[in-house]
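The structure appears right after this line, and notes come after that.
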Amino acid sequence: MIKNILKGIVIGLANVIPGVSGGTMMVSMGIYDKLIHCVTHLFSEFKKSVRFLFPIFIGIAAAVVIVPFGIEYLFASYPFQANLLFIGLILGGLPAVGKKVRGKSVKPGHIIAGLFFFALVAGLALLGEKEGAAAAELSLSPGSMIRLFGVGILASATMVIPGVSGSMMLLLIGYYHPVLAVITDFIKALLAFDLNGILWGIGVLTPFGIGVVIGIFAIARLVEIIFESFPLYAYWAIIGLILSSPVAILIVGGMGSITVVSVLTGAAALAVGFAAALKLGE
């Protein structure tokens with residue numbers, strides 16, 4: 001259970017950081033197929049699915065609570081090391097995915113699938129290099145709540161797809177910092193027993209949360225169908241997504257100033273991330 005909570009924390013961290021894909025982290029830690037299966041069969045295999053999903057979602061929730069208070073400082077102060085840590089976590093998942101296609105005949109369509117998704121993610125990173133022109137204004141008006149519901153669906157759908165950063169999509173449409181600020185303010189209100197702040201946070205986050213849940217179930221079912229019908233194409237596409245994710249991180253995240261110390265510590269962070277992904281994927 002502790003191991004799955006740790007996996008959930010890594011996925012949660014990835015989903016909150018623009019340019020890093022939570023779906024890729026699921027693949028890197030060897031739980032993507034099983035997680036998709038448990039989501040799509042939640043009601044038909046309720047006990048088994050909950051037993052697997054519960055600790056992972058506990059870890060994700062913990063990361064979402066912790067991240068707004070520290071991760072931005074980490075990436076602002078040590079961008080080179082932080083980005084290399086996540087690149088290591090991503091690349092550490094390649095051996096597990098490689099096993100899925102090893103020994104199987106390679107068709108031109110498999111290579112095309114990998115190259116297409118590599119180019120797609122790199123292109124999205126280039127488009128998302130800067131935040132949307134205007135940050136969204138969040139309120140309790142019906143229009144704002146409907147938009148938040150739609151944004152929740154979009155965010156969760158992209159978070160589940162390997163290689164695609166849901167937080168980067170939020171950044172593109174101007175919702176990333178506003179939503180992150182609401183989560184931070186809501187947690188502060190809870191700690192301060194500020195009833196007005198709590199109610200406002202619930203009002204804003206509820207439609208977003210409902211959209212997230214619906215988006216996860218919808219995209220999970222679609223992904224399951226693809227894996228059942230075209231497994232090798234799906235795995236080659238994921239290889240392309242994994243290989244493109246470090247490129248996307250370097251484009252979106254930035255490296256800051258490069259020094260001898262940062263290179264050495266960055267190399268250590270890369271190695272730690274790679275080893276951690278291998279260990280969590282066992």
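By convention here, the chains of the structure tokens are called A, B, ... in the order presented, each chain's residues are numbered starting at 1, and ligands are numbered starting at 1 in the order presented.
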Residues within 9 Å of segment 148-151 of chain A, please, as a PyMOL selection string. Count only C-alpha atoms; anything in the same chain fewer than 5 positions from it doesn't count.
chain A and resi 138+143+156+170+173+175+204-212
Segment 106-198 of chain A near segment 222-233 of chain A within 9 Å: what's each residue's closest atom pair and its distance in Å to one decimal, counting only C-alpha atoms, ordered by chain then ascending residue number, as JSON lines?
{"residue": "A:Val106", "atom": "CA", "partner": "A:Leu232", "partner_atom": "CA", "distance": 8.8}
{"residue": "A:Gly109", "atom": "CA", "partner": "A:Tyr233", "partner_atom": "CA", "distance": 7.3}
{"residue": "A:His110", "atom": "CA", "partner": "A:Tyr233", "partner_atom": "CA", "distance": 5.2}
{"residue": "A:Ile111", "atom": "CA", "partner": "A:Tyr233", "partner_atom": "CA", "distance": 8.6}
{"residue": "A:Ala113", "atom": "CA", "partner": "A:Tyr233", "partner_atom": "CA", "distance": 6.5}
{"residue": "A:Gly114", "atom": "CA", "partner": "A:Tyr233", "partner_atom": "CA", "distance": 8.1}
{"residue": "A:Ile161", "atom": "CA", "partner": "A:Val223", "partner_atom": "CA", "distance": 8.2}
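Among the candidate residues A:Gly197, A:Gly174, A:Pro246, A:Gly103, the one lying nearest to Leu270 of chain A is A:Pro246, with distances computed using only C-alpha atoms.
Distance check against Ile9 of chain A using only C-alpha atoms: of A:Ala269, A:Ala82, A:Ile60, A:Val182, the minimum falls on A:Ile60.
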Determine, counting only C-alpha atoms, which protein, DNA and RNA residues have an atom within 8 Å of an atom of Leu85 of chain A; residues of the same chain fewer than 6 positions away are not included. Present the result as a list in words.
Gly266, Ala269, Leu270, Ala271, Val272, Gly273 and Phe274 of chain A
